[in-house]
>>> print(open('work_5.tsv').read())   # TSV, C-alpha atoms and all ligand atoms
chain	number	residue	atom	x	y	z
A	101	MET	CA	124.75	56.80	92.68
A	102	GLU	CA	125.18	60.57	92.76
A	103	LEU	CA	126.98	62.09	95.77
A	104	ASP	CA	123.75	63.65	97.06
A	105	GLU	CA	121.88	60.34	96.79
A	106	ILE	CA	124.64	58.56	98.74
A	107	ARG	CA	124.63	61.30	101.41
A	108	HIS	CA	120.87	61.00	101.68
A	109	ALA	CA	121.25	57.27	102.26
A	110	ILE	CA	123.94	57.96	104.91
A	111	SER	CA	121.64	60.42	106.69
A	112	ASP	CA	118.84	57.85	106.64
A	113	THR	CA	121.16	55.22	108.09
A	114	ASP	CA	122.40	57.61	110.80
A	115	GLN	CA	118.81	58.39	111.73
A	116	GLN	CA	118.17	54.65	112.18
A	117	LEU	CA	121.37	54.35	114.26
A	118	LEU	CA	120.20	57.19	116.53
A	119	GLY	CA	116.88	55.42	117.01
A	120	LEU	CA	118.66	52.22	117.96
A	121	LEU	CA	121.01	54.03	120.37
A	122	ALA	CA	118.03	55.68	122.06
A	123	LYS	CA	116.34	52.28	122.33
A	124	ARG	CA	119.49	50.76	123.76
A	125	ARG	CA	119.67	53.54	126.34
A	126	GLN	CA	116.07	52.87	127.40
A	127	LEU	CA	116.88	49.15	127.75
A	128	ALA	CA	119.89	50.02	129.90
A	129	LEU	CA	117.65	52.08	132.19
A	130	ALA	CA	115.32	49.07	132.45
A	131	VAL	CA	118.32	46.91	133.37
A	132	ALA	CA	119.05	49.35	136.22
A	133	ASP	CA	115.64	48.69	137.74
A	134	ALA	CA	116.08	44.92	137.36
A	135	LYS	CA	119.52	44.99	138.96
A	136	LEU	CA	118.35	47.15	141.83
A	137	ALA	CA	115.58	44.64	142.54
A	138	GLN	CA	118.21	41.88	142.66
A	139	ASN	CA	120.75	43.96	144.66
A	140	LYS	CA	123.24	43.62	141.82
A	141	PRO	CA	125.93	46.23	141.03
A	142	ILE	CA	125.40	48.40	137.99
A	143	ARG	CA	128.76	47.47	136.51
A	144	ASP	CA	129.00	43.89	135.24
A	145	GLN	CA	132.35	43.66	133.46
A	146	LYS	CA	131.93	39.94	132.80
A	147	ARG	CA	128.84	40.79	130.79
A	148	GLU	CA	130.71	43.61	129.05
A	149	GLN	CA	133.54	41.24	128.13
A	150	GLU	CA	131.09	38.67	126.69
A	151	LEU	CA	129.26	41.41	124.82
A	152	LEU	CA	132.43	42.87	123.29
A	153	VAL	CA	133.75	39.43	122.23
A	154	SER	CA	130.42	38.66	120.58
A	155	LEU	CA	130.20	42.05	118.84
A	156	ILE	CA	133.79	41.79	117.54
A	157	SER	CA	133.00	38.35	116.17
A	158	GLN	CA	129.77	39.62	114.53
A	159	GLY	CA	131.61	42.65	113.15
A	160	LYS	CA	134.35	40.69	111.39
A	161	PRO	CA	132.26	39.32	108.48
A	162	LEU	CA	130.82	42.83	108.09
A	163	GLY	CA	134.31	44.29	107.68
A	164	LEU	CA	134.20	46.07	111.07
A	165	ASP	CA	137.60	45.61	112.74
A	166	ALA	CA	137.95	44.77	116.45
A	167	GLN	CA	139.50	48.13	117.42
A	168	TYR	CA	136.65	50.06	115.78
A	169	VAL	CA	133.94	47.93	117.42
A	170	THR	CA	135.68	48.06	120.83
A	171	ARG	CA	136.18	51.84	120.74
A	172	LEU	CA	132.58	52.40	119.68
A	173	TYR	CA	131.11	50.15	122.38
A	174	HIS	CA	133.33	51.58	125.10
A	175	VAL	CA	131.58	54.89	124.48
A	176	ILE	CA	128.13	53.26	124.34
A	177	ILE	CA	128.68	51.20	127.49
A	178	GLU	CA	130.16	54.14	129.43
A	179	ASP	CA	127.02	56.11	128.62
A	180	SER	CA	124.90	53.15	129.68
A	181	VAL	CA	126.64	52.89	133.06
A	182	LEU	CA	126.48	56.64	133.72
A	183	GLN	CA	122.82	56.81	132.71
A	184	GLN	CA	122.01	53.93	135.06
A	185	GLN	CA	123.96	55.50	137.91
A	186	ALA	CA	122.20	58.83	137.42
A	187	LYS	CA	118.80	57.16	137.38
A	188	ILE	CA	119.40	55.16	140.55
A	189	GLN	CA	120.89	58.14	142.40
A	190	GLY	CA	117.94	60.33	141.40
A	191	GLN	CA	115.46	57.77	142.71
A	192	LEU	CA	117.41	57.14	145.93
A	193	ASN	CA	117.91	60.82	146.81
A	194	GLY	CA	114.73	62.27	145.35
A	195	THR	CA	116.84	64.61	143.26
A	196	ASP	CA	115.05	63.95	139.98
A	197	SER	CA	113.79	67.31	138.89
A	198	PRO	CA	112.45	68.85	135.67
A	199	ALA	CA	114.75	71.86	136.05
A	200	VAL	CA	117.94	72.51	137.99
A	201	ARG	CA	119.70	75.83	138.59
A	202	VAL	CA	123.45	75.30	138.15
A	203	ALA	CA	126.20	77.83	138.86
A	204	PHE	CA	129.49	77.49	137.00
A	205	LEU	CA	132.45	79.54	135.85
A	206	GLY	CA	131.98	81.74	132.81
A	207	GLY	CA	129.17	81.80	130.34
A	208	GLN	CA	128.12	79.70	127.37
A	209	GLY	CA	131.15	78.04	125.82
A	210	SER	CA	133.39	77.94	128.89
A	211	TYR	CA	134.84	74.57	129.85
A	212	SER	CA	132.71	74.58	132.97
A	213	TYR	CA	129.66	75.24	130.78
A	214	TRP	CA	130.35	72.06	128.78
A	215	ALA	CA	131.05	70.06	131.94
A	216	THR	CA	127.72	71.30	133.36
A	217	GLN	CA	125.87	70.23	130.22
A	218	LYS	CA	127.57	66.82	130.25
A	219	TYR	CA	126.75	66.12	133.90
A	220	PHE	CA	123.22	67.52	134.18
A	221	THR	CA	121.84	66.45	130.81
A	222	ARG	CA	121.54	62.97	132.38
A	223	ARG	CA	119.86	64.34	135.49
A	224	ALA	CA	117.34	67.00	134.52
A	225	GLU	CA	115.13	67.93	131.60
A	226	ARG	CA	116.19	71.59	131.84
A	227	ILE	CA	119.37	73.28	133.09
A	228	ILE	CA	118.97	76.87	134.27
A	229	GLU	CA	122.48	78.18	133.73
A	230	GLN	CA	124.07	80.67	136.12
A	231	GLY	CA	127.42	81.77	134.72
A	232	CYS	CA	129.66	83.33	137.40
A	233	ASP	CA	132.92	85.30	137.29
A	234	SER	CA	134.70	83.58	140.18
A	235	PHE	CA	134.74	80.32	142.15
A	236	ASN	CA	133.70	82.23	145.26
A	237	GLU	CA	130.66	83.66	143.46
A	238	ILE	CA	129.72	80.13	142.36
A	239	VAL	CA	129.82	78.77	145.91
A	240	GLN	CA	127.89	81.79	147.22
A	241	ALA	CA	125.16	81.20	144.61
A	242	VAL	CA	124.47	77.74	146.06
A	243	GLU	CA	124.95	78.69	149.70
A	244	THR	CA	122.42	81.54	149.35
A	245	GLY	CA	119.90	79.36	147.52
A	246	HIS	CA	120.18	81.18	144.18
A	247	ALA	CA	121.42	77.93	142.60
A	248	ASP	CA	120.78	74.27	143.39
A	249	TYR	CA	124.19	72.99	142.32
A	250	ALA	CA	127.64	74.29	141.46
A	251	VAL	CA	130.17	72.74	139.09
A	252	LEU	CA	133.76	73.51	140.11
A	253	PRO	CA	137.01	72.41	138.42
A	254	ILE	CA	139.22	70.92	141.12
A	255	GLU	CA	142.22	69.48	139.28
A	256	ASN	CA	143.77	69.19	135.86
A	257	THR	CA	146.28	66.73	134.43
A	258	SER	CA	148.54	69.56	133.19
A	259	SER	CA	148.33	72.18	135.95
A	260	GLY	CA	147.47	70.01	138.98
A	261	SER	CA	145.14	70.95	141.82
A	262	ILE	CA	143.12	74.15	141.69
A	263	ASN	CA	144.03	75.57	145.08
A	264	GLU	CA	141.34	78.26	145.19
A	265	VAL	CA	138.64	75.60	145.01
A	266	TYR	CA	140.28	73.48	147.70
A	267	ASP	CA	140.45	76.55	149.96
A	268	LEU	CA	136.76	77.28	149.39
A	269	LEU	CA	135.87	73.69	150.36
A	270	GLN	CA	137.63	74.22	153.70
A	271	HIS	CA	135.01	76.76	154.81
A	272	THR	CA	131.85	76.00	152.90
A	273	ARG	CA	128.83	74.17	154.33
A	274	LEU	CA	128.15	72.66	150.90
A	275	SER	CA	128.61	68.95	150.20
A	276	ILE	CA	130.29	67.27	147.26
A	277	VAL	CA	127.52	65.25	145.57
A	278	GLY	CA	129.16	64.29	142.30
A	279	GLU	CA	132.19	64.40	140.07
A	280	LEU	CA	133.04	64.17	136.40
A	281	THR	CA	136.08	64.35	134.21
A	282	HIS	CA	136.07	66.28	130.97
A	283	PRO	CA	138.74	66.41	128.25
A	284	ILE	CA	140.06	69.93	127.78
A	285	ALA	CA	141.43	70.54	124.28
A	286	HIS	CA	142.92	74.02	124.36
A	287	CYS	CA	142.93	75.82	121.02
A	288	LEU	CA	144.24	79.22	120.01
A	289	LEU	CA	141.16	81.05	118.73
A	290	GLY	CA	140.92	84.35	116.87
A	291	LEU	CA	138.91	86.43	114.46
A	292	PRO	CA	138.57	84.88	111.00
A	293	GLY	CA	141.69	85.69	108.96
A	294	THR	CA	143.96	86.25	111.99
A	295	ASP	CA	147.65	86.08	111.02
A	296	LEU	CA	149.53	84.00	113.62
A	297	SER	CA	152.74	85.98	113.00
A	298	LYS	CA	151.02	89.23	114.02
A	299	ILE	CA	149.61	88.10	117.40
A	300	ARG	CA	150.46	90.53	120.23
A	301	GLN	CA	148.10	89.48	123.06
A	302	VAL	CA	146.65	86.21	124.37
A	303	CYS	CA	143.55	86.24	126.62
A	304	ALA	CA	142.74	83.24	128.85
A	305	HIS	CA	141.81	82.10	132.37
A	306	PRO	CA	144.86	81.71	134.67
A	307	GLN	CA	144.27	77.95	134.82
A	308	VAL	CA	144.34	77.77	131.03
A	309	ILE	CA	147.55	79.83	130.91
A	310	ALA	CA	149.15	77.41	133.39
A	311	GLN	CA	148.06	74.37	131.36
A	312	CYS	CA	149.55	75.85	128.15
A	313	SER	CA	152.69	77.37	129.70
A	314	GLN	CA	155.08	75.48	127.42
A	315	TYR	CA	153.32	76.63	124.24
A	316	LEU	CA	153.15	80.23	125.48
A	317	GLN	CA	156.87	80.26	126.27
A	318	GLY	CA	157.41	79.74	122.55
A	319	LEU	CA	155.41	82.86	121.65
A	320	SER	CA	157.81	85.80	121.86
A	321	GLN	CA	156.60	89.41	122.26
A	322	VAL	CA	153.10	88.28	123.29
A	323	LYS	CA	151.32	89.88	126.26
A	324	ILE	CA	149.21	87.59	128.47
A	325	GLU	CA	145.83	89.00	129.58
A	326	TYR	CA	144.16	87.04	132.38
A	327	CYS	CA	140.39	86.56	132.09
A	328	ASP	CA	137.71	85.32	134.47
A	329	SER	CA	136.86	82.38	132.19
A	330	SER	CA	137.23	81.09	128.63
A	331	SER	CA	133.91	82.64	127.64
A	332	ASP	CA	135.15	85.96	129.06
A	333	ALA	CA	138.22	85.63	126.82
A	334	PHE	CA	136.03	84.88	123.79
A	335	THR	CA	133.85	87.91	124.55
A	336	ARG	CA	136.89	90.22	124.67
A	337	ILE	CA	138.15	89.02	121.27
A	338	LYS	CA	134.70	89.48	119.75
A	339	GLN	CA	134.24	92.96	121.26
A	340	GLN	CA	137.77	94.25	120.54
A	341	GLN	CA	137.74	93.08	116.89
A	342	ASP	CA	141.55	93.36	116.98
A	343	PRO	CA	143.20	90.64	114.85
A	344	THR	CA	146.39	90.84	116.96
A	345	VAL	CA	144.45	89.68	120.05
A	346	VAL	CA	143.55	85.97	120.45
A	347	ALA	CA	142.10	83.65	123.10
A	348	ILE	CA	142.82	80.16	124.38
A	349	GLY	CA	139.80	77.94	124.97
A	350	GLY	CA	137.71	75.13	123.57
A	351	GLU	CA	136.84	74.92	119.87
A	352	GLU	CA	133.09	74.51	120.46
A	353	GLY	CA	133.09	77.48	122.81
A	354	GLY	CA	134.95	79.64	120.33
A	355	GLN	CA	132.46	78.79	117.60
A	356	LEU	CA	129.68	80.26	119.74
A	357	TYR	CA	131.53	83.60	119.49
A	358	GLY	CA	132.38	83.35	115.78
A	359	LEU	CA	136.07	82.62	116.42
A	360	GLN	CA	138.17	80.29	114.32
A	361	VAL	CA	140.77	77.77	115.40
A	362	LEU	CA	144.30	79.01	114.69
A	363	THR	CA	146.23	76.24	116.51
A	364	ARG	CA	145.12	73.10	118.39
A	365	ASP	CA	146.35	70.95	121.30
A	366	LEU	CA	148.19	73.68	123.21
A	367	ALA	CA	148.19	71.96	126.62
A	368	ASN	CA	151.42	70.77	128.24
A	369	GLN	CA	149.92	67.28	128.64
A	370	LYS	CA	148.68	65.48	125.51
A	371	ASP	CA	145.74	64.02	127.46
A	372	ASN	CA	144.62	67.22	129.13
A	373	VAL	CA	141.68	66.38	131.39
A	374	SER	CA	140.02	68.35	134.15
A	375	ARG	CA	138.13	66.81	137.05
A	376	PHE	CA	135.12	68.75	138.22
A	377	ILE	CA	133.16	68.34	141.44
A	378	VAL	CA	129.48	69.04	141.85
A	379	VAL	CA	128.42	70.60	145.16
A	380	ALA	CA	125.01	71.16	146.71
A	381	ARG	CA	123.48	72.23	150.03
A	382	LYS	CA	122.28	68.69	150.80
A	383	PRO	CA	124.57	65.62	150.79
A	384	VAL	CA	123.54	62.53	148.84
A	385	THR	CA	123.52	58.85	149.73
A	386	VAL	CA	125.24	56.62	147.20
A	387	ALA	CA	123.47	53.36	146.32
A	388	LYS	CA	125.42	50.21	147.10
A	389	ALA	CA	125.09	49.27	143.39
A	390	ILE	CA	127.33	52.19	142.47
A	391	PRO	CA	131.08	52.62	143.17
A	392	ALA	CA	131.48	55.52	145.59
A	393	LYS	CA	134.09	58.02	146.64
A	394	THR	CA	134.23	59.89	149.93
A	395	THR	CA	136.15	63.12	150.41
A	396	PHE	CA	137.11	64.42	153.83
A	397	ILE	CA	139.45	67.07	155.18
A	398	MET	CA	141.52	66.69	158.31
A	399	TYR	CA	144.05	68.60	160.36
A	400	THR	CA	146.34	66.09	162.01
A	401	GLY	CA	148.44	68.48	164.08
A	402	GLN	CA	152.19	68.67	163.76
A	403	GLN	CA	153.38	65.95	166.12
A	404	PRO	CA	155.86	63.58	164.34
A	405	GLY	CA	154.12	60.88	162.28
A	406	ALA	CA	150.67	62.45	162.69
A	407	LEU	CA	149.83	62.13	158.98
A	408	VAL	CA	151.29	58.63	158.75
A	409	ASP	CA	149.19	57.50	161.72
A	410	ALA	CA	146.07	58.89	160.05
A	411	LEU	CA	146.79	57.21	156.73
A	412	LEU	CA	147.54	53.94	158.53
A	413	VAL	CA	143.95	54.00	159.82
A	414	LEU	CA	142.76	53.88	156.20
A	415	LYS	CA	145.18	51.04	155.46
A	416	GLN	CA	144.05	49.08	158.54
A	417	HIS	CA	140.46	49.29	157.29
A	418	GLY	CA	141.37	48.31	153.74
A	419	ILE	CA	140.39	51.71	152.32
A	420	SER	CA	142.21	52.84	149.18
A	421	MET	CA	143.05	56.48	148.69
A	422	ALA	CA	142.30	58.18	145.36
A	423	LYS	CA	143.97	61.50	146.14
A	424	LEU	CA	145.79	63.34	148.94
A	425	GLU	CA	146.15	67.11	148.72
A	426	SER	CA	147.36	69.59	151.31
A	427	ARG	CA	146.60	73.29	151.68
A	428	PRO	CA	147.71	75.91	154.23
A	429	ILE	CA	145.15	76.60	156.93
A	430	ASN	CA	143.82	80.17	156.78
A	431	GLY	CA	145.45	82.14	159.58
A	432	ASN	CA	147.97	79.35	160.32
A	433	PRO	CA	150.02	79.33	157.07
A	434	TRP	CA	152.55	76.80	158.41
A	435	GLU	CA	149.88	74.28	159.32
A	436	GLU	CA	148.37	72.04	156.64
A	437	MET	CA	144.82	70.90	156.04
A	438	PHE	CA	144.79	67.53	154.27
A	439	TYR	CA	142.15	66.71	151.67
A	440	VAL	CA	141.62	62.98	151.22
A	441	ASP	CA	139.60	61.25	148.49
A	442	VAL	CA	139.00	57.56	149.20
A	443	PHE	CA	137.28	54.80	147.22
A	444	ALA	CA	134.64	54.05	149.83
A	445	ASN	CA	131.00	54.63	150.58
A	446	LEU	CA	130.43	56.72	153.69
A	447	SER	CA	127.90	54.12	154.86
A	448	ASP	CA	130.41	51.25	154.59
A	449	TYR	CA	131.21	49.71	157.98
A	450	ALA	CA	134.95	50.06	157.31
A	451	MET	CA	134.57	53.75	156.47
A	452	THR	CA	132.44	54.38	159.54
A	453	ARG	CA	135.03	52.72	161.81
A	454	ALA	CA	137.92	54.53	160.09
A	455	LEU	CA	136.25	57.92	160.62
A	456	GLU	CA	135.60	57.08	164.29
A	457	GLU	CA	139.30	56.34	164.77
A	458	LEU	CA	140.41	59.39	162.77
A	459	ASN	CA	138.14	61.51	164.95
A	460	LYS	CA	140.17	60.40	167.97
A	461	ILE	CA	143.65	61.06	166.55
A	462	THR	CA	143.12	64.22	164.48
A	463	LYS	CA	142.59	67.77	165.67
A	464	PHE	CA	139.87	68.42	163.07
A	465	ILE	CA	138.05	66.28	160.52
A	466	LYS	CA	135.08	67.04	158.25
A	467	VAL	CA	133.46	64.89	155.59
A	468	LEU	CA	132.91	66.97	152.46
A	469	GLY	CA	130.76	64.36	150.76
A	470	CYS	CA	130.15	60.86	149.45
A	471	TYR	CA	129.34	60.67	145.76
A	472	PRO	CA	129.29	58.29	142.79
A	473	SER	CA	132.68	57.63	141.21
A	474	GLU	CA	132.41	58.48	137.52
A	475	ASP	CA	135.68	56.81	136.55
A	476	ILE	CA	134.27	54.19	134.18
A	477	GLU	CA	137.35	52.21	133.24
A	478	PRO	CA	136.59	50.57	129.86
A	479	THR	CA	136.58	46.76	129.90
A	480	GLN	CA	139.56	45.46	127.92
A	481	VAL	CA	138.85	42.50	125.68
A	482	THR	CA	141.14	39.57	126.44
A	483	ALA	CA	141.82	37.30	123.49
A	484	GLY	CA	139.12	34.62	123.49
A	501	LIG	O1	123.65	44.12	131.04
A	501	LIG	C1	123.90	44.83	132.02
A	501	LIG	O2	124.12	44.38	133.14
A	501	LIG	C2	123.92	46.31	131.85
A	501	LIG	O3	123.97	47.02	132.81
A	501	LIG	C3	124.06	46.87	130.47
A	501	LIG	C4	125.51	47.14	130.13
A	501	LIG	C5	125.50	47.57	128.64
A	501	LIG	O4	125.34	48.77	128.35
A	501	LIG	O5	125.64	46.67	127.78
A	501	LIG	C6	126.01	48.25	130.95
A	501	LIG	C7	126.72	48.06	132.08
A	501	LIG	C8	127.19	46.74	132.48
A	501	LIG	O6	128.50	46.78	133.04
A	501	LIG	C9	127.04	45.71	131.45
A	501	LIG	C10	126.34	45.95	130.33
>>> encode(input="work_5.tsv", output="C-alpha cells")
Amino acid sequence: MELDEIRHAISDTDQQLLGLLAKRRQLALAVADAKLAQNKPIRDQKREQELLVSLISQGKPLGLDAQYVTRLYHVIIEDSVLQQQAKIQGQLNGTDSPAVRVAFLGGQGSYSYWATQKYFTRRAERIIEQGCDSFNEIVQAVETGHADYAVLPIENTSSGSINEVYDLLQHTRLSIVGELTHPIAHCLLGLPGTDLSKIRQVCAHPQVIAQCSQYLQGLSQVKIEYCDSSSDAFTRIKQQQDPTVVAIGGEEGGQLYGLQVLTRDLANQKDNVSRFIVVARKPVTVAKAIPAKTTFIMYTGQQPGALVDALLVLKQHGISMAKLESRPINGNPWEEMFYVDVFANLSDYAMTRALEELNKITKFIKVLGCYPSEDIEPTQVTAG
C-alpha cells in the first residue's frame, strides 16, 4: 500500500478507537450510578487488577506487550475514576452547570490555564476563562462573585510550597473544593530561528525561575526578567520580536504564541509536577464513595509540645496526614500558622472528634475545605 493509503487506514482505525473510548467512558459513568445505588466505593482495585491481567493476556497473541497494555489502561482507568468522581460530586453538591466562570493565573497557554482546562472539562460544558495577573486578583475575583471558581498552584515538586497562596488562604472566606496535579514540563521557548548562543534575557514567572534554577545557573550573561505568568512571558517575546529574548514555559502554551522549543526539561526535578487547589465561595460535601482530603489551619500557641500534642490528636483518631506546612502569622512574624492536609472526610466520625479536641487545645483552627482526593495511584499488576 502507498503511504497515504496506510495513513488513511490509520486515521480510520483511530476514529474507531475514539468511538470506543467515548463508549467506555459512558459505561464508566453508568457504573458510577450503579455503585452509588449499592453504596460501593468508586475505586475497585480488585476489579482493576482482574481487568489488567485479562487485557495483558488478550494482548499477548496480538503482539501487544504487557508494559504497553498496562500503561495504556492506567491512563484509561484514571480517566474513568476521575470522570465518575466528578459526576457523583456534581450530583451530590448540585454543582453541575453548563458554564462555569474560572479565575486563574495568566492567559491562554499558562500552566494554570491548562490545569483549569483539565479540571473543569470534566465538570462543565463551557469554561468562561478569567485570566488574572496575581494570586490575590484571582481570589478577589471569586470573593466578589466575578468568578465561580479559582485554580491556584499551591506546591511544586521542584520549588516546594507556594507561600503567597498559603498566606492568601489564611485570610480568605473561600473554601477548597478540589485539587489536581499537573505535570509541568518547562521548555525554553523563543522566536523561530533563535540562536541559543546569543540569548541575553530570559522571561518567566518567579515560580518557574525557582523550578529551573539549576539550568539558569548554567546560562552565563543572561538577565532574568520576572513575569506575572507564563502567558505574560510568551506575550513579551512575541511583542518584542527580539531573538536574544526567550521565555520559559510549556510547549503547548508557547505554540499558541508562535514560539518554538529551543530546549526541553529545564526543571530541577525530572518529574516536575505542580499541585493546584480549586477554591469556591461554597464548600462541598464529598461522597463516601470517593476518597477525601480535608485541609485545616491551626495556631497552636508556643507552649512546649503544642504542635506535637495537636498532631497526636490526629494519630489517636487514626487520621493520616498528607502534608504539614507552616507560615508566619501576619503581624506576628515569629508565630506560625500550621496548614494540615489529612486523608479524611470532614463528615467522618473520627475527623469530627479530632476537630472537637483540636478546638480545645489550639488557639485558632479553621477548616479550609473537604474535597475529593485526585491522587489516583495506578493499580500495579502482580504476576498471576
Ligand atoms: O468496574 C468498575 O467498578 C468501574 O468503576 C470501572 C473501572 C474501569 O474503568 O474499568 C474504573 C474504576 C474502578 O476502580 C474499576 C474499574
>>> residues_near_point(input="work_5.tsv", point="(142.9, 76.1, 149.9)", cutoff="10 Å", atoms="all atoms listed in the file", output="list in words")
Ser261, Ile262, Asn263, Glu264, Val265, Tyr266, Asp267, Leu268, Leu269, Gln270, His271, Glu425, Ser426, Arg427, Pro428, Ile429, Asn430, Glu436, Met437, Phe438 and Tyr439 of chain A
>>> residues_near_ligand(input="work_5.tsv", ligand="ligand LIG 501 (chain A)", cutoff="7 Å", atoms="only C-alpha atoms and all ligand atoms", output="PyMOL selection string")
chain A and resi 128+131-132+142-145+147-148+176-177+180-181
>>> atom_distance(input="work_5.tsv", atom1="CA of Asp165 in chain A", atom2="CA of Gln149 in chain A")
16.5 Å
>>> atom_distance(input="work_5.tsv", atom1="CA of Ser374 in chain A", atom2="CA of Pro283 in chain A")
6.3 Å
>>> closest_atom_pairs(input="work_5.tsv", of="range 249-308 of chain A", to="range 323-326 of chain A", cutoff="10 Å", atoms="only C-alpha atoms", output="CSV")
residue,atom,partner,partner_atom,distance
A:Ile299,CA,A:Lys323,CA,9.2
A:Arg300,CA,A:Lys323,CA,6.1
A:Gln301,CA,A:Lys323,CA,4.6
A:Val302,CA,A:Ile324,CA,5.0
A:Cys303,CA,A:Glu325,CA,4.6
A:Ala304,CA,A:Tyr326,CA,5.4
A:His305,CA,A:Tyr326,CA,5.5
A:Pro306,CA,A:Tyr326,CA,5.8
A:Gln307,CA,A:Tyr326,CA,9.4
A:Val308,CA,A:Tyr326,CA,9.4
>>> build_atoms(input="work_5.tsv", residues="range 243-258 of chain A", atoms="N, CA and C atoms", output="PDB file, in the frame of the given file")
ATOM      1  N   GLU A 243     125.139  78.502 148.257  1.00  0.00           N
ATOM      2  CA  GLU A 243     124.950  78.690 149.700  1.00  0.00           C
ATOM      3  C   GLU A 243     123.756  79.607 149.985  1.00  0.00           C
ATOM      4  N   THR A 244     123.528  80.585 149.102  1.00  0.00           N
ATOM      5  CA  THR A 244     122.420  81.540 149.350  1.00  0.00           C
ATOM      6  C   THR A 244     121.107  81.059 148.735  1.00  0.00           C
ATOM      7  N   GLY A 245     121.143  79.896 148.073  1.00  0.00           N
ATOM      8  CA  GLY A 245     119.900  79.360 147.520  1.00  0.00           C
ATOM      9  C   GLY A 245     119.562  79.875 146.137  1.00  0.00           C
ATOM     10  N   HIS A 246     120.454  80.686 145.544  1.00  0.00           N
ATOM     11  CA  HIS A 246     120.180  81.180 144.180  1.00  0.00           C
ATOM     12  C   HIS A 246     120.429  80.095 143.132  1.00  0.00           C
ATOM     13  N   ALA A 247     121.202  79.063 143.519  1.00  0.00           N
ATOM     14  CA  ALA A 247     121.420  77.930 142.600  1.00  0.00           C
ATOM     15  C   ALA A 247     121.283  76.656 143.412  1.00  0.00           C
ATOM     16  N   ASP A 248     120.933  75.566 142.694  1.00  0.00           N
ATOM     17  CA  ASP A 248     120.780  74.270 143.390  1.00  0.00           C
ATOM     18  C   ASP A 248     122.107  73.525 143.451  1.00  0.00           C
ATOM     19  N   TYR A 249     122.901  73.694 142.398  1.00  0.00           N
ATOM     20  CA  TYR A 249     124.190  72.990 142.320  1.00  0.00           C
ATOM     21  C   TYR A 249     125.257  73.948 141.812  1.00  0.00           C
ATOM     22  N   ALA A 250     126.513  73.562 142.066  1.00  0.00           N
ATOM     23  CA  ALA A 250     127.640  74.290 141.460  1.00  0.00           C
ATOM     24  C   ALA A 250     128.588  73.248 140.862  1.00  0.00           C
ATOM     25  N   VAL A 251     129.156  73.591 139.727  1.00  0.00           N
ATOM     26  CA  VAL A 251     130.170  72.740 139.090  1.00  0.00           C
ATOM     27  C   VAL A 251     131.500  73.489 139.197  1.00  0.00           C
ATOM     28  N   LEU A 252     132.477  72.847 139.839  1.00  0.00           N
ATOM     29  CA  LEU A 252     133.760  73.510 140.110  1.00  0.00           C
ATOM     30  C   LEU A 252     134.911  72.642 139.607  1.00  0.00           C
ATOM     31  N   PRO A 253     135.822  73.193 138.802  1.00  0.00           N
ATOM     32  CA  PRO A 253     137.010  72.410 138.420  1.00  0.00           C
ATOM     33  C   PRO A 253     137.910  72.272 139.642  1.00  0.00           C
ATOM     34  N   ILE A 254     138.406  71.083 139.906  1.00  0.00           N
ATOM     35  CA  ILE A 254     139.220  70.920 141.120  1.00  0.00           C
ATOM     36  C   ILE A 254     140.643  70.458 140.822  1.00  0.00           C
ATOM     37  N   GLU A 255     140.826  69.819 139.654  1.00  0.00           N
ATOM     38  CA  GLU A 255     142.220  69.480 139.280  1.00  0.00           C
ATOM     39  C   GLU A 255     142.297  69.251 137.766  1.00  0.00           C
ATOM     40  N   ASN A 256     143.544  69.369 137.304  1.00  0.00           N
ATOM     41  CA  ASN A 256     143.770  69.190 135.860  1.00  0.00           C
ATOM     42  C   ASN A 256     145.063  68.411 135.665  1.00  0.00           C
ATOM     43  N   THR A 257     145.109  67.598 134.628  1.00  0.00           N
ATOM     44  CA  THR A 257     146.280  66.730 134.430  1.00  0.00           C
ATOM     45  C   THR A 257     147.527  67.529 134.046  1.00  0.00           C
ATOM     46  N   SER A 258     147.345  68.768 133.555  1.00  0.00           N
ATOM     47  CA  SER A 258     148.540  69.560 133.190  1.00  0.00           C
ATOM     48  C   SER A 258     148.959  70.500 134.308  1.00  0.00           C
TER      49      SER A 258
END
